[in-house]
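Notes follow once the structure below has been shown.
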Amino acid sequence: MAMIRDDFRENPQPVTVATGETATFRCTPPKGEPEPKVLWHKDGNPVNPDIRVSVSTDGHLSISSVKVTDAGKYTCVAINQAGERESTPAALTVLEKPTFKELPDDIQANVEDTVELKCRASGDPTPNIQWKKEEGRIPFGRARQLDDGTLRIEKVQVSDEGVYVCVAENSAGTVEAVGRLSVQTQPSFLISPKDLSVAKGRTAILQCVVTGNPPPTLFWSLGSEHQPLLFPNQNHGHFSVSADGTLRITNVEYRDAGTYTCQALSTMASKKSPAVLTVIGMYNIHNNQTLEPKETALLTCQAEGQPTPSIRWYKDNKTILAIDPRITLLNSGTLQISDVKLNDTGTYLCKAISETGEADWSATLTVSSKSE
């Protein structure tokens, strides 16, 4: 005789999954004769197996790649010749993973600008949006998140530059999107060239270091209008510019005197920093000298330049003071020492000094111990 009991040996339980996952309802029908067959209903309608939906031989329902439309109440139905029984309905809740409706853009800004990085996402439940910055912190006090998820940064600074990450999260999952903030700055000089005086034949070195975003192009305009522009790693005659922007002029000549301008050029602006090179000519007639005691030493030092340099003398790195009546500094710059003595022996340094620098020349004076 056909029969079927009322109680399901296992009722389906509520299931919560995210979209794309697999949902499984377990069901063991009541005992009966013959053994009941299991069917499934969703919201009162039959569930038809397809490529995503299957019912195992044990009666369990499996739904793969779950969609939002799969949500509903599922009932396990046991059937045989004695009739049918329905289980307690079990709800399938489908959570929707966050998806972005608006992604943050890459933004270029100037210092002190206000920028907004957009970010909107949908999902079920509604995702929470948070921002973070790769390799750094979001500027406290100048940045805030608006109600629609937008990150606003006010009075942008160079330190704000970087990659910002929008994180959208709910109980179904987490997704991230990035936007890069680039902060443009005008060229500026970390090291500006300084006015310089060098002696003819020496090497003049003018330093120039620039910064900015985008990185500016550095070049030098030379003193003469007929001279070409010089860029790093370029040479022209006895002019050269190194990779770090330093201008070198070897074997300086009088005609090299003038204004040299370091220029920094970018899409933001152009900046200039000039320096004046003064070339001092120094001449000496007597080089190293050896004299007998009581003879007169004439140490000649003449210098020219614009403005005219002043002459100072030093003996063994100490300033020579004209308090000894035997020592006279002539108008020509020559140092005269009358009635030389043994203790006049030493190294004499002539230094030509102008407003923009100095140059020097040295020679030795030897007073022999032999008397006349």
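Residues in the structure tokens are named by chain (A, B, ... in the order shown) and by number from 1 within that chain; ligands are numbered from 1 in the order shown.
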
If we count only C-alpha atoms and set the cut-off at 10 Å, which residues sit around segment 181-184 of chain A, ignoring sequence neighbours fewer than 6 positions away in its own chain? Please answer as a list in words.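 Counting only the stated atoms, we get Asp105, Asp106, Ile107, Gln108, Ala109, Asn110, Val111, Glu112, Asp113, Val115, Glu116, Leu117, Val156, Gln157, Val158, Ser159, Asp160, Glu161, Gly162, Val163, Tyr164, Gly212, Asn213, Pro214, Pro215, Thr267 and Met268 of chain A.
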
Would you mind listing what lies within 10 Å of Asp58 of chain A as an mmCIF file with N, CA, C and O atoms, in the first residue's frame, with only C-alpha atoms counted and same-chain residues fewer than 5 positions away left out?
```
data_model
loop_
_atom_site.group_PDB
_atom_site.id
_atom_site.type_symbol
_atom_site.label_atom_id
_atom_site.label_comp_id
_atom_site.auth_asym_id
_atom_site.auth_seq_id
_atom_site.Cartn_x
_atom_site.Cartn_y
_atom_site.Cartn_z
ATOM 1 N N ARG A 26 19.923 21.562 0.859
ATOM 2 C CA ARG A 26 19.844 20.133 1.161
ATOM 3 C C ARG A 26 18.393 19.772 1.531
ATOM 4 O O ARG A 26 17.708 20.543 2.208
ATOM 5 N N CYS A 27 17.959 18.577 1.103
ATOM 6 C CA CYS A 27 16.598 18.136 1.408
ATOM 7 C C CYS A 27 16.551 16.609 1.414
ATOM 8 O O CYS A 27 16.948 15.961 0.430
ATOM 9 N N THR A 28 16.100 16.047 2.530
ATOM 10 C CA THR A 28 15.850 14.593 2.606
ATOM 11 C C THR A 28 14.351 14.407 2.847
ATOM 12 O O THR A 28 13.820 14.841 3.877
ATOM 13 N N PRO A 29 13.646 13.837 1.855
ATOM 14 C CA PRO A 29 12.184 13.767 1.949
ATOM 15 C C PRO A 29 11.704 12.820 3.054
ATOM 16 O O PRO A 29 12.493 12.042 3.607
ATOM 17 N N LYS A 37 9.836 10.929 -4.676
ATOM 18 C CA LYS A 37 10.689 11.663 -5.600
ATOM 19 C C LYS A 37 10.718 13.130 -5.170
ATOM 20 O O LYS A 37 9.725 13.646 -4.677
ATOM 21 N N VAL A 38 11.845 13.770 -5.370
ATOM 22 C CA VAL A 38 11.998 15.163 -4.921
ATOM 23 C C VAL A 38 11.944 16.117 -6.108
ATOM 24 O O VAL A 38 12.657 15.938 -7.107
#
```

Any idea what's packed within 10 Å of Val165 of chain A, counting only C-alpha atoms, ignoring anything in its chain fewer than 3 positions away? Could you give it as a short mmCIF file (atom, residue, chain, number, x, y, z; two decimals) with N, CA and C atoms, in the first residue's frame?
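Saved file selection.cif follows:
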```
data_model
loop_
_atom_site.label_atom_id
_atom_site.label_comp_id
_atom_site.auth_asym_id
_atom_site.auth_seq_id
_atom_site.Cartn_x
_atom_site.Cartn_y
_atom_site.Cartn_z
N PRO A 104 37.84 56.64 -10.39
CA PRO A 104 38.66 57.85 -10.24
C PRO A 104 39.55 58.06 -11.46
N LEU A 117 38.63 63.48 -6.53
CA LEU A 117 38.76 62.14 -7.09
C LEU A 117 37.41 61.44 -6.93
N CYS A 119 34.47 58.54 -7.14
CA CYS A 119 34.37 57.10 -6.97
C CYS A 119 32.95 56.76 -6.53
N GLN A 130 35.82 53.76 1.04
CA GLN A 130 36.91 54.37 1.80
C GLN A 130 38.06 54.64 0.86
N TRP A 131 38.91 55.60 1.24
CA TRP A 131 40.07 55.96 0.44
C TRP A 131 41.35 55.70 1.23
N LYS A 132 42.39 55.34 0.49
CA LYS A 132 43.73 55.24 1.08
C LYS A 132 44.73 55.68 0.03
N LYS A 133 45.94 55.97 0.47
CA LYS A 133 46.99 56.42 -0.43
C LYS A 133 48.14 55.44 -0.39
N GLU A 134 48.59 55.03 -1.58
CA GLU A 134 49.75 54.15 -1.63
C GLU A 134 51.00 54.92 -1.19
N GLY A 162 50.67 61.31 -5.73
CA GLY A 162 50.75 59.87 -5.54
C GLY A 162 49.52 59.16 -6.08
N ALA A 168 35.78 49.85 -2.31
CA ALA A 168 34.33 49.66 -2.13
C ALA A 168 34.12 48.27 -1.54
N GLU A 176 38.71 47.40 -5.66
CA GLU A 176 39.53 48.59 -5.55
C GLU A 176 39.73 49.23 -6.92
N ALA A 177 39.87 50.54 -6.93
CA ALA A 177 40.19 51.29 -8.15
C ALA A 177 41.15 52.41 -7.77
N VAL A 178 42.03 52.77 -8.69
CA VAL A 178 43.07 53.74 -8.37
C VAL A 178 43.01 54.94 -9.31
N GLY A 179 43.46 56.07 -8.80
CA GLY A 179 43.63 57.29 -9.58
C GLY A 179 44.90 57.98 -9.13
N ARG A 180 45.66 58.52 -10.07
CA ARG A 180 46.93 59.18 -9.74
C ARG A 180 46.76 60.69 -9.74
#
```

Please identify the strand (DSSP E) residues within segment 20-232 of chain A (assignment by DSSP from backbone atoms) and present them as a PyMOL selection string. chain A and resi 23-25+32-33+37-42+45-46+53-55+61-63+72-80+83-86+90-102+107-110+115-117+120-124+128-133+143-145+151-153+162-170+173-191+196-199+204-206+209-213+217-221

Counting only C-alpha atoms, which of A:Thr366, A:Ser310, A:Ser354, A:Thr24 gets nearest to Gly333 of chain A?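 Among the listed residues, A:Ser310 lies closest to Gly333 of chain A.
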
Could you tell me how far atom CA of Ser192 of chain A lies from atom CA of Asn235 of chain A, in Å and to one decimal? 20.9 Å

Could you list, as a PyMOL selection string, every residue within 8 Å of Asn287 of chain A, counting only C-alpha atoms and ignoring same-chain residues fewer than 5 positions away? chain A and resi 299+363-364

Please list as a list in words every residue within 8 Å of His238 of chain A, counting only C-alpha atoms and excluding residues in the same chain fewer than 2 positions away. Asn235, His236, Ser240, Arg248, Ile249, Thr250 and Asn251 of chain A

List the neighbours of Trp313 of chain A out to 6 Å using only C-alpha atoms; skip same-chain residues closer than 2 positions along the sequence, and give me the result as an MDAnalysis selection string. chainID A and resid 320 349:350

Per residue of segment 244-282 of chain A within 8 Å of segment 193-211 of chain A, which atom pair is closest and at what distance in Å (one decimal), using only C-alpha atoms, listed by chain and increasing number, as CSV?
```
residue,atom,partner,partner_atom,distance
A:Asp244,CA,A:Val209,CA,6.9
A:Gly245,CA,A:Cys208,CA,5.5
A:Thr246,CA,A:Gln207,CA,4.5
A:Leu247,CA,A:Leu206,CA,5.1
A:Arg248,CA,A:Ile205,CA,4.7
A:Ile249,CA,A:Ala204,CA,5.0
A:Thr250,CA,A:Thr203,CA,4.3
A:Asn251,CA,A:Gly201,CA,4.1
A:Val252,CA,A:Gly201,CA,4.7
A:Glu253,CA,A:Lys200,CA,5.5
A:Tyr254,CA,A:Lys200,CA,6.7
A:Cys262,CA,A:Cys208,CA,6.7
A:Ala264,CA,A:Val210,CA,6.8
A:Ser273,CA,A:Pro193,CA,6.9
A:Pro274,CA,A:Pro193,CA,6.8
A:Ala275,CA,A:Asp195,CA,4.7
A:Val276,CA,A:Asp195,CA,4.7
A:Leu277,CA,A:Leu196,CA,5.0
A:Thr278,CA,A:Ser197,CA,4.5
A:Val279,CA,A:Val198,CA,5.3
A:Ile280,CA,A:Ala199,CA,4.5
A:Gly281,CA,A:Lys200,CA,5.3
A:Met282,CA,A:Ala199,CA,6.7
```

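DSSP secondary structure from the backbone places Val158, Ser159, Asp160, Tyr254, Arg255 and Asp256 of chain A of segment 113-326 of chain A in helix (DSSP H, G or I).
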
May I have the selected residues written with N, CA and C atoms, as a CSV table (one decimal), in the first residue's frame?
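Below you can see out-v2.csv, which holds the result:
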```
chain,number,residue,atom,x,y,z
A,158,VAL,N,52.8,69.6,-3.0
A,158,VAL,CA,53.6,68.6,-3.7
A,158,VAL,C,53.6,67.3,-3.0
A,159,SER,N,53.5,67.3,-1.7
A,159,SER,CA,53.5,66.0,-0.9
A,159,SER,C,52.3,65.2,-1.1
A,160,ASP,N,51.2,65.8,-1.7
A,160,ASP,CA,50.0,65.1,-1.9
A,160,ASP,C,50.1,64.2,-3.2
A,254,TYR,N,89.8,87.2,-21.2
A,254,TYR,CA,89.2,88.5,-20.9
A,254,TYR,C,87.8,88.6,-21.6
A,255,ARG,N,87.7,88.1,-22.8
A,255,ARG,CA,86.5,88.2,-23.5
A,255,ARG,C,85.3,87.3,-22.9
A,256,ASP,N,85.7,86.5,-22.0
A,256,ASP,CA,84.7,85.6,-21.3
A,256,ASP,C,83.9,86.4,-20.2
```

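Pairwise distance (atom CA of Ile138 of chain A, atom CA of Phe100 of chain A) equals 21.6 Å.
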
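Residue nearest Pro216 of chain A, chosen from A:Pro187, A:Gly83, A:Pro293, A:Gly44 and counting only C-alpha atoms: A:Pro187.
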
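Taking atom CA of Val367 of chain A as the reference point, atom CA of Glu295 of chain A is found at 9.1 Å.
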
Looking at A:Glu84, A:Glu35, A:Glu154, A:Glu169, which one is nearest to Glu96 of chain A, with distances taken over only C-alpha atoms? A:Glu169

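Closest approach to Glu10 of chain A from the set A:Val47, A:Val53, A:Val77, A:Val340 is made by A:Val77, with distances taken over only C-alpha atoms.
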
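The nearest approach to Ser56 of chain A among the residues A:Leu39, A:Ala269, A:Leu329, A:Leu218, with only C-alpha atoms taken into account, belongs to A:Leu39.
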